Amino acid sequence: MTAQRRYDVTAARASRAVLRAYSTSFGIGTRLLPPRSRADIEAVYALVRLADEVVDTYRGPDAAQELDELEAQTARALVTGYSTNIVVHAFARAARRTGIGHAEVDPFFASMRADLSVREHDRASYDTYVFGSAEVVGLMCLKVFLSADRRPGDPPVEPPDQAVAGARALGAAFQKVNFLRDLGADHGDLGRSYLPGVDADRLTDADVRTVLDEVRGDLATARAALPLLPPRARVAVEATAALYDRLLADLATTPAAELARRRVRVPGPVKAAVVGRVVASALAREASARARRVVGA
């Protein structure tokens, strides 16, 4: 193994460690992907998490400078393909391979920067924030999925419009669910109110229904685009969406006052069962398709 290859592998392993440390739901979905796509998704997640840590965990007096430096490192690495920050290095390699660029990266960092100053969102700032913090992450993932078989020198795959709409909607759905799950912590610990027109201290069941209805619409848009994904990416997204379906069901049956006090979670065994059903359905679908091909031949 060359020295450069060793560094690339180390960076990829670091990104995988970040994902495993911070997310079980997202991590379960990535395990259904082929190795190349899995590594690229892990790199995307790790960069996103690194920025989150600056604005949500560190929050020091120089947090803005730390975020600026992380963005500058990322911008340089998009050009050079190299960074001394191993998470940025892994992301840049994935981005250059899949066509991720400033159209996705810049809005993401803009939304992260908003977390340092915006305490309450109106509808316009909310939509802008969700686009930068979540929808562009969905677009990054889409580019990864569509580039699974891309060969060196081939141009990036241009996603069809319906796939773009589906990726954005899926990212938005996940983010909105997390806004509900983290309502108490965001408001009480971080002093932020993301949901426009919603008073976290006086959350009502009607507020919850409004958000959940919006999420269900986003998930419907995302699911309509699933056939445009490569087979294994489709199963991975189906599994992750199914986990959020379960969260939606739990959120819908949790009193609003309780949502403001605790984070609703899906137990590990339940997650495994949900994903198992999705995988079993996908295998049955593939077996049926093979049988039809044999009969047709």
# chains A, B, ... in the order shown; residues from 1 in each chain; ligands from 1
>>> residues_around(residues="Thr10 (chain A)", least_positions_apart="4", cutoff="10 Å", atoms="only C-alpha atoms", output="list in words")
Gln4, Arg5, Arg6, Ala14, Ser15, Arg16, Ile86, Val87, His89 and Ala90 of chain A
>>> write_last_selection(atoms="N, CA, C and O atoms", output="short mmCIF file (atom, residue, chain, number, x, y, z; two decimals), in the first residue's frame")
data_model
loop_
_atom_site.label_atom_id
_atom_site.label_comp_id
_atom_site.auth_asym_id
_atom_site.auth_seq_id
_atom_site.Cartn_x
_atom_site.Cartn_y
_atom_site.Cartn_z
N GLN A 4 0.16 7.40 0.12
CA GLN A 4 -1.06 8.15 -0.18
C GLN A 4 -2.30 7.28 0.03
O GLN A 4 -3.31 7.73 0.59
N ARG A 5 -2.21 6.04 -0.42
CA ARG A 5 -3.35 5.13 -0.26
C ARG A 5 -3.63 4.89 1.22
O ARG A 5 -4.77 4.84 1.66
N ARG A 6 -2.57 4.77 2.02
CA ARG A 6 -2.74 4.57 3.46
C ARG A 6 -3.47 5.76 4.08
O ARG A 6 -4.34 5.60 4.94
N ALA A 14 -11.82 6.99 9.46
CA ALA A 14 -12.21 8.01 10.43
C ALA A 14 -13.65 8.45 10.21
O ALA A 14 -14.42 8.64 11.16
N SER A 15 -14.03 8.62 8.96
CA SER A 15 -15.40 9.01 8.65
C SER A 15 -16.39 7.93 9.08
O SER A 15 -17.46 8.22 9.62
N ARG A 16 -16.01 6.68 8.85
CA ARG A 16 -16.89 5.57 9.29
C ARG A 16 -17.05 5.59 10.81
O ARG A 16 -18.14 5.37 11.33
N ILE A 86 -8.53 14.97 8.26
CA ILE A 86 -8.82 13.71 7.58
C ILE A 86 -10.30 13.55 7.23
O ILE A 86 -10.63 12.87 6.27
N VAL A 87 -11.19 14.18 8.01
CA VAL A 87 -12.61 14.12 7.65
C VAL A 87 -12.85 14.93 6.37
O VAL A 87 -13.56 14.48 5.46
N HIS A 89 -10.61 15.54 4.14
CA HIS A 89 -9.92 14.81 3.08
C HIS A 89 -10.84 13.73 2.49
O HIS A 89 -10.97 13.62 1.26
N ALA A 90 -11.47 12.94 3.36
CA ALA A 90 -12.37 11.89 2.88
C ALA A 90 -13.54 12.49 2.11
O ALA A 90 -13.95 11.97 1.06
#
>>> residues_around(residues="Tyr126 (chain A)", least_positions_apart="3", cutoff="10 Å", atoms="only C-alpha atoms", output="list of chain:residue names")
A:Ser111, A:Glu120, A:His121, A:Asp122, A:Arg123, A:Tyr129, A:Val130, A:Phe131, A:Gly132, A:Ser193, A:Tyr194, A:Leu195, A:Pro196
>>> residues_around(residues="Glu135 (chain A)", least_positions_apart="3", cutoff="9 Å", atoms="only C-alpha atoms", output="compact mmCIF listing (two decimals) with N, CA and C atoms, in the first residue's frame")
# COMPACT_ATOMS: atom_id res chain seq x y z
N GLU A 104 -23.82 22.50 -3.45
CA GLU A 104 -24.31 21.83 -2.24
C GLU A 104 -23.57 22.31 -0.99
N PHE A 108 -24.96 24.57 2.62
CA PHE A 108 -24.84 23.84 3.88
C PHE A 108 -24.14 24.68 4.94
N VAL A 130 -33.66 24.81 6.09
CA VAL A 130 -33.88 23.40 5.78
C VAL A 130 -33.20 23.02 4.46
N PHE A 131 -33.26 23.92 3.50
CA PHE A 131 -32.58 23.63 2.23
C PHE A 131 -31.09 23.42 2.46
N GLY A 132 -30.45 24.34 3.19
CA GLY A 132 -29.01 24.25 3.37
C GLY A 132 -28.57 23.17 4.33
N GLY A 138 -29.30 15.69 1.10
CA GLY A 138 -29.98 14.70 0.27
C GLY A 138 -29.45 14.69 -1.15
N LEU A 139 -29.16 15.88 -1.68
CA LEU A 139 -28.60 15.96 -3.04
C LEU A 139 -27.20 15.37 -3.10
N MET A 140 -26.40 15.58 -2.05
CA MET A 140 -25.08 14.95 -2.01
C MET A 140 -25.21 13.43 -2.05
N ALA A 167 -34.77 13.62 -3.56
CA ALA A 167 -33.65 13.73 -2.63
C ALA A 167 -33.82 14.92 -1.69
N ARG A 168 -34.24 16.03 -2.24
CA ARG A 168 -34.47 17.21 -1.40
C ARG A 168 -35.59 16.94 -0.39
N ALA A 169 -36.66 16.31 -0.85
CA ALA A 169 -37.79 16.04 0.04
C ALA A 169 -37.40 15.08 1.16
N LEU A 170 -36.58 14.08 0.82
CA LEU A 170 -36.17 13.12 1.84
C LEU A 170 -35.32 13.81 2.92
N GLY A 171 -34.38 14.63 2.48
CA GLY A 171 -33.57 15.36 3.44
C GLY A 171 -34.42 16.26 4.32
N ALA A 172 -35.38 16.94 3.71
CA ALA A 172 -36.26 17.82 4.47
C ALA A 172 -37.09 17.04 5.48
N ALA A 173 -37.60 15.88 5.07
CA ALA A 173 -38.41 15.07 5.97
C ALA A 173 -37.61 14.65 7.20
N GLN A 175 -35.02 16.08 8.48
CA GLN A 175 -34.70 17.25 9.31
C GLN A 175 -35.91 17.67 10.13
>>> select_by_dssp(residues="region 61-276 of chain A", states="helix (DSSP H, G or I)", output="VMD selection string")
chain A and resid 63 to 80 86 to 98 102 to 114 123 to 146 161 to 181 183 to 188 200 to 202 205 to 224 226 to 228 231 to 252 256 to 259 268 to 276
>>> closest_residue(among="A:Arg181, A:Arg234, A:Arg262, A:Arg192", to="Leu142 (chain A)", atoms="only C-alpha atoms")
A:Arg234
>>> atom_distance(atom1="CA of Ala46 (chain A)", atom2="CA of Leu248 (chain A)")
25.4 Å
>>> residues_around(residues="region 49-60 of chain A", least_positions_apart="2", cutoff="8 Å", atoms="only C-alpha atoms", output="list in words")
Val18, Tyr45, Ala46, Leu47, Asp62, Ala63, Glu66, Leu67, Leu70, Phe109, Met112, Arg113, Asp115, Leu116 and Leu190 of chain A
>>> residues_around(residues="Asp182 (chain A)", least_positions_apart="3", cutoff="10 Å", atoms="only C-alpha atoms", output="number ranges by chain")
A: 176-179, 185-188, 259-264
>>> write_last_selection(atoms="all heavy atoms", output="CSV table (one decimal), in the first residue's frame")
chain,number,residue,atom,x,y,z
A,176,LYS,N,-37.1,17.7,9.5
A,176,LYS,CA,-38.3,18.1,10.2
A,176,LYS,C,-38.6,17.2,11.4
A,176,LYS,O,-39.1,17.6,12.5
A,176,LYS,CB,-39.4,18.3,9.3
A,176,LYS,CG,-39.2,19.5,8.3
A,176,LYS,CD,-40.2,19.4,7.1
A,176,LYS,CE,-39.9,20.4,6.1
A,176,LYS,NZ,-40.8,20.4,4.9
A,177,VAL,N,-38.4,15.9,11.1
A,177,VAL,CA,-38.7,14.9,12.2
A,177,VAL,C,-37.7,15.2,13.4
A,177,VAL,O,-38.1,15.2,14.5
A,177,VAL,CB,-38.5,13.5,11.7
A,177,VAL,CG1,-38.4,12.5,12.9
A,177,VAL,CG2,-39.6,13.1,10.8
A,178,ASN,N,-36.5,15.5,13.0
A,178,ASN,CA,-35.5,15.8,14.1
A,178,ASN,C,-35.8,17.1,14.8
A,178,ASN,O,-35.5,17.2,16.0
A,178,ASN,CB,-34.1,15.8,13.5
A,178,ASN,CG,-33.6,14.5,13.1
A,178,ASN,OD1,-34.0,13.5,13.7
A,178,ASN,ND2,-32.7,14.4,12.2
A,179,PHE,N,-36.4,18.0,14.1
A,179,PHE,CA,-36.8,19.3,14.8
A,179,PHE,C,-37.8,18.9,15.9
A,179,PHE,O,-37.8,19.5,17.0
A,179,PHE,CB,-37.5,20.3,13.8
A,179,PHE,CG,-36.5,21.0,12.9
A,179,PHE,CD1,-36.9,21.4,11.7
A,179,PHE,CD2,-35.2,21.2,13.3
A,179,PHE,CE1,-36.0,22.1,10.9
A,179,PHE,CE2,-34.3,21.9,12.5
A,179,PHE,CZ,-34.7,22.3,11.2
A,185,ALA,N,-34.5,20.1,23.6
A,185,ALA,CA,-33.0,20.4,23.7
A,185,ALA,C,-32.7,21.7,22.9
A,185,ALA,O,-31.9,22.5,23.3
A,185,ALA,CB,-32.2,19.2,23.2
A,186,ASP,N,-33.3,21.8,21.7
A,186,ASP,CA,-33.0,22.9,20.9
A,186,ASP,C,-33.4,24.2,21.5
A,186,ASP,O,-32.7,25.2,21.5
A,186,ASP,CB,-33.7,22.8,19.5
A,186,ASP,CG,-33.0,21.8,18.6
A,186,ASP,OD1,-31.8,21.5,18.8
A,186,ASP,OD2,-33.7,21.3,17.7
A,187,HIS,N,-34.6,24.2,22.1
A,187,HIS,CA,-35.1,25.4,22.8
A,187,HIS,C,-34.5,25.6,24.1
A,187,HIS,O,-34.0,26.7,24.5
A,187,HIS,CB,-36.6,25.3,22.9
A,187,HIS,CG,-37.3,26.5,23.6
A,187,HIS,ND1,-37.3,27.7,23.0
A,187,HIS,CD2,-37.9,26.6,24.8
A,187,HIS,CE1,-37.9,28.5,23.7
A,187,HIS,NE2,-38.3,27.9,24.9
A,188,GLY,N,-34.4,24.6,25.0
A,188,GLY,CA,-34.0,24.7,26.3
A,188,GLY,C,-32.4,24.9,26.4
A,188,GLY,O,-31.9,25.7,27.2
A,259,LEU,N,-43.4,15.7,24.2
A,259,LEU,CA,-42.4,15.9,23.2
A,259,LEU,C,-41.5,17.0,23.5
A,259,LEU,O,-40.3,17.0,23.1
A,259,LEU,CB,-43.1,16.2,21.8
A,259,LEU,CG,-43.7,15.0,21.1
A,259,LEU,CD1,-44.4,15.5,19.8
A,259,LEU,CD2,-42.7,13.9,20.8
A,260,ALA,N,-42.0,18.0,24.2
A,260,ALA,CA,-41.1,19.1,24.6
A,260,ALA,C,-40.2,18.7,25.7
A,260,ALA,O,-39.3,19.5,26.0
A,260,ALA,CB,-42.0,20.3,25.0
A,261,ARG,N,-40.4,17.6,26.3
A,261,ARG,CA,-39.5,17.2,27.5
A,261,ARG,C,-38.5,16.1,27.2
A,261,ARG,O,-37.5,16.0,27.8
A,261,ARG,CB,-40.4,16.7,28.7
A,261,ARG,CG,-41.3,17.8,29.3
A,261,ARG,CD,-41.8,17.3,30.6
A,261,ARG,NE,-42.5,16.1,30.5
A,261,ARG,CZ,-43.8,16.0,30.3
A,261,ARG,NH1,-44.5,17.1,30.2
A,261,ARG,NH2,-44.4,14.8,30.3
A,262,ARG,N,-38.9,15.2,26.2
A,262,ARG,CA,-38.0,14.1,26.0
A,262,ARG,C,-37.9,13.8,24.5
A,262,ARG,O,-38.8,14.1,23.7
A,262,ARG,CB,-38.4,12.8,26.7
A,262,ARG,CG,-39.7,12.2,26.1
A,262,ARG,CD,-40.1,10.9,26.8
A,262,ARG,NE,-41.3,10.3,26.3
A,262,ARG,CZ,-41.3,9.4,25.2
A,262,ARG,NH1,-40.1,9.1,24.7
A,262,ARG,NH2,-42.4,8.9,24.8
A,263,ARG,N,-36.8,13.1,24.1
A,263,ARG,CA,-36.5,12.8,22.7
A,263,ARG,C,-37.1,11.4,22.4
A,263,ARG,O,-36.7,10.4,23.1
A,263,ARG,CB,-35.0,12.8,22.4
A,263,ARG,CG,-34.7,12.8,20.9
A,263,ARG,CD,-33.2,12.9,20.7
A,263,ARG,NE,-32.9,13.4,19.4
A,263,ARG,CZ,-32.5,12.5,18.4
A,263,ARG,NH1,-32.4,11.2,18.7
A,263,ARG,NH2,-32.2,13.0,17.3
A,264,VAL,N,-38.0,11.3,21.5
A,264,VAL,CA,-38.6,10.0,21.1
A,264,VAL,C,-37.6,9.2,20.3
A,264,VAL,O,-36.9,9.7,19.4
A,264,VAL,CB,-39.9,10.2,20.3
A,264,VAL,CG1,-40.4,8.9,19.8
A,264,VAL,CG2,-40.9,10.9,21.1
>>> closest_residue(among="A:Pro152, A:Gly99, A:Pro107, A:Pro160", to="Glu71 (chain A)", atoms="only C-alpha atoms")
A:Pro107
>>> atom_distance(atom1="CA of Ala12 (chain A)", atom2="CA of Pro155 (chain A)")
23.3 Å
>>> atom_distance(atom1="CA of Glu238 (chain A)", atom2="CA of Ala17 (chain A)")
23.5 Å
>>> residues_around(residues="Leu226 (chain A)", least_positions_apart="6", cutoff="9 Å", atoms="only C-alpha atoms", output="list in words")
Ala163, Gly166, Ala233, Arg234, Val235, Val237 and Glu238 of chain A
>>> closest_residue(among="A:Glu286, A:Asp201, A:Asp40, A:Glu214", to="Lys143 (chain A)", atoms="only C-alpha atoms")
A:Asp40
>>> closest_residue(among="A:Arg150, A:Arg38, A:Arg119, A:Arg246", to="Val275 (chain A)", atoms="only C-alpha atoms")
A:Arg246
>>> residues_around(residues="region 265-271 of chain A", least_positions_apart="6", cutoff="8 Å", atoms="only C-alpha atoms", output="mmCIF file with C-alpha atoms, in the first residue's frame")
data_model
loop_
_atom_site.group_PDB
_atom_site.id
_atom_site.type_symbol
_atom_site.label_atom_id
_atom_site.label_comp_id
_atom_site.auth_asym_id
_atom_site.auth_seq_id
_atom_site.Cartn_x
_atom_site.Cartn_y
_atom_site.Cartn_z
ATOM 1 C CA SER A 25 -30.549 4.908 11.901
ATOM 2 C CA LEU A 243 -37.292 3.880 10.249
ATOM 3 C CA ARG A 246 -41.829 4.341 12.675
ATOM 4 C CA LEU A 247 -40.652 7.573 14.295
#
>>> decode(residues="region 72-114 of chain A", atoms="N, CA and C atoms", output="short mmCIF file (atom, residue, chain, number, x, y, z; two decimals), in the first residue's frame")
data_model
loop_
_atom_site.label_atom_id
_atom_site.label_comp_id
_atom_site.auth_asym_id
_atom_site.auth_seq_id
_atom_site.Cartn_x
_atom_site.Cartn_y
_atom_site.Cartn_z
N ALA A 72 -13.31 26.79 4.73
CA ALA A 72 -12.15 27.09 3.89
C ALA A 72 -11.35 25.82 3.59
N GLN A 73 -11.20 24.96 4.59
CA GLN A 73 -10.52 23.68 4.36
C GLN A 73 -11.25 22.86 3.31
N THR A 74 -12.56 22.85 3.42
CA THR A 74 -13.37 22.08 2.47
C THR A 74 -13.24 22.65 1.06
N ALA A 75 -13.30 23.96 0.94
CA ALA A 75 -13.18 24.60 -0.38
C ALA A 75 -11.82 24.29 -1.02
N ARG A 76 -10.76 24.37 -0.22
CA ARG A 76 -9.43 24.06 -0.75
C ARG A 76 -9.35 22.61 -1.20
N ALA A 77 -9.89 21.73 -0.39
CA ALA A 77 -9.80 20.30 -0.70
C ALA A 77 -10.62 19.92 -1.92
N LEU A 78 -11.72 20.64 -2.16
CA LEU A 78 -12.49 20.38 -3.37
C LEU A 78 -11.64 20.63 -4.62
N VAL A 79 -10.69 21.55 -4.52
CA VAL A 79 -9.80 21.86 -5.64
C VAL A 79 -8.63 20.90 -5.69
N THR A 80 -8.02 20.64 -4.55
CA THR A 80 -6.77 19.87 -4.53
C THR A 80 -6.97 18.38 -4.33
N GLY A 81 -8.11 18.00 -3.71
CA GLY A 81 -8.32 16.60 -3.38
C GLY A 81 -7.56 16.16 -2.15
N TYR A 82 -7.06 17.12 -1.37
CA TYR A 82 -6.25 16.77 -0.20
C TYR A 82 -6.53 17.74 0.94
N SER A 83 -6.49 17.21 2.18
CA SER A 83 -6.57 18.07 3.36
C SER A 83 -5.85 17.40 4.51
N THR A 84 -5.26 18.21 5.39
CA THR A 84 -4.67 17.68 6.61
C THR A 84 -5.74 17.33 7.63
N ASN A 85 -6.96 17.79 7.43
CA ASN A 85 -8.11 17.39 8.23
C ASN A 85 -8.65 16.10 7.58
N ILE A 86 -8.53 14.97 8.26
CA ILE A 86 -8.82 13.71 7.58
C ILE A 86 -10.30 13.55 7.23
N VAL A 87 -11.19 14.18 8.01
CA VAL A 87 -12.61 14.12 7.65
C VAL A 87 -12.85 14.93 6.37
N VAL A 88 -12.27 16.10 6.29
CA VAL A 88 -12.38 16.92 5.07
C VAL A 88 -11.73 16.20 3.89
N HIS A 89 -10.61 15.54 4.14
CA HIS A 89 -9.92 14.81 3.08
C HIS A 89 -10.84 13.73 2.49
N ALA A 90 -11.47 12.94 3.36
CA ALA A 90 -12.37 11.89 2.88
C ALA A 90 -13.54 12.49 2.11
N PHE A 91 -14.09 13.59 2.63
CA PHE A 91 -15.21 14.23 1.94
C PHE A 91 -14.79 14.72 0.56
N ALA A 92 -13.64 15.37 0.48
CA ALA A 92 -13.21 15.92 -0.80
C ALA A 92 -13.01 14.83 -1.84
N ARG A 93 -12.46 13.71 -1.43
CA ARG A 93 -12.28 12.60 -2.37
C ARG A 93 -13.63 12.10 -2.88
N ALA A 94 -14.59 11.98 -1.96
CA ALA A 94 -15.93 11.55 -2.36
C ALA A 94 -16.59 12.59 -3.26
N ALA A 95 -16.45 13.86 -2.90
CA ALA A 95 -17.09 14.93 -3.66
C ALA A 95 -16.54 15.00 -5.08
N ARG A 96 -15.23 14.93 -5.22
CA ARG A 96 -14.62 15.02 -6.54
C ARG A 96 -14.97 13.81 -7.40
N ARG A 97 -15.19 12.68 -6.76
CA ARG A 97 -15.55 11.47 -7.49
C ARG A 97 -17.00 11.50 -7.96
N THR A 98 -17.87 12.16 -7.21
CA THR A 98 -19.31 12.08 -7.48
C THR A 98 -19.92 13.36 -8.05
N GLY A 99 -19.15 14.43 -8.11
CA GLY A 99 -19.68 15.67 -8.67
C GLY A 99 -20.29 16.60 -7.64
N ILE A 100 -20.11 16.32 -6.34
CA ILE A 100 -20.56 17.25 -5.30
C ILE A 100 -19.67 18.49 -5.34
N GLY A 101 -20.28 19.66 -5.26
CA GLY A 101 -19.48 20.88 -5.35
C GLY A 101 -20.06 22.01 -4.52
N HIS A 102 -19.75 23.22 -4.91
CA HIS A 102 -20.17 24.39 -4.13
C HIS A 102 -21.68 24.59 -4.13
N ALA A 103 -22.37 24.06 -5.15
CA ALA A 103 -23.83 24.20 -5.17
C ALA A 103 -24.47 23.53 -3.96
N GLU A 104 -23.82 22.50 -3.45
CA GLU A 104 -24.31 21.83 -2.24
C GLU A 104 -23.57 22.31 -0.99
N VAL A 105 -22.27 22.48 -1.09
CA VAL A 105 -21.46 22.79 0.09
C VAL A 105 -21.74 24.19 0.63
N ASP A 106 -21.85 25.18 -0.24
CA ASP A 106 -22.02 26.56 0.23
C ASP A 106 -23.33 26.77 1.00
N PRO A 107 -24.48 26.29 0.49
CA PRO A 107 -25.71 26.46 1.28
C PRO A 107 -25.65 25.71 2.61
N PHE A 108 -24.96 24.57 2.62
CA PHE A 108 -24.84 23.84 3.88
C PHE A 108 -24.14 24.68 4.94
N PHE A 109 -22.99 25.24 4.59
CA PHE A 109 -22.26 26.04 5.57
C PHE A 109 -23.02 27.31 5.92
N ALA A 110 -23.80 27.85 5.00
CA ALA A 110 -24.61 29.03 5.32
C ALA A 110 -25.64 28.71 6.40
N SER A 111 -26.26 27.53 6.30
CA SER A 111 -27.23 27.15 7.32
C SER A 111 -26.55 26.89 8.66
N MET A 112 -25.38 26.26 8.61
CA MET A 112 -24.65 26.04 9.87
C MET A 112 -24.29 27.38 10.52
N ARG A 113 -23.92 28.34 9.70
CA ARG A 113 -23.57 29.66 10.23
C ARG A 113 -24.80 30.34 10.86
N ALA A 114 -25.97 30.09 10.27
CA ALA A 114 -27.19 30.68 10.83
C ALA A 114 -27.44 30.21 12.25
#
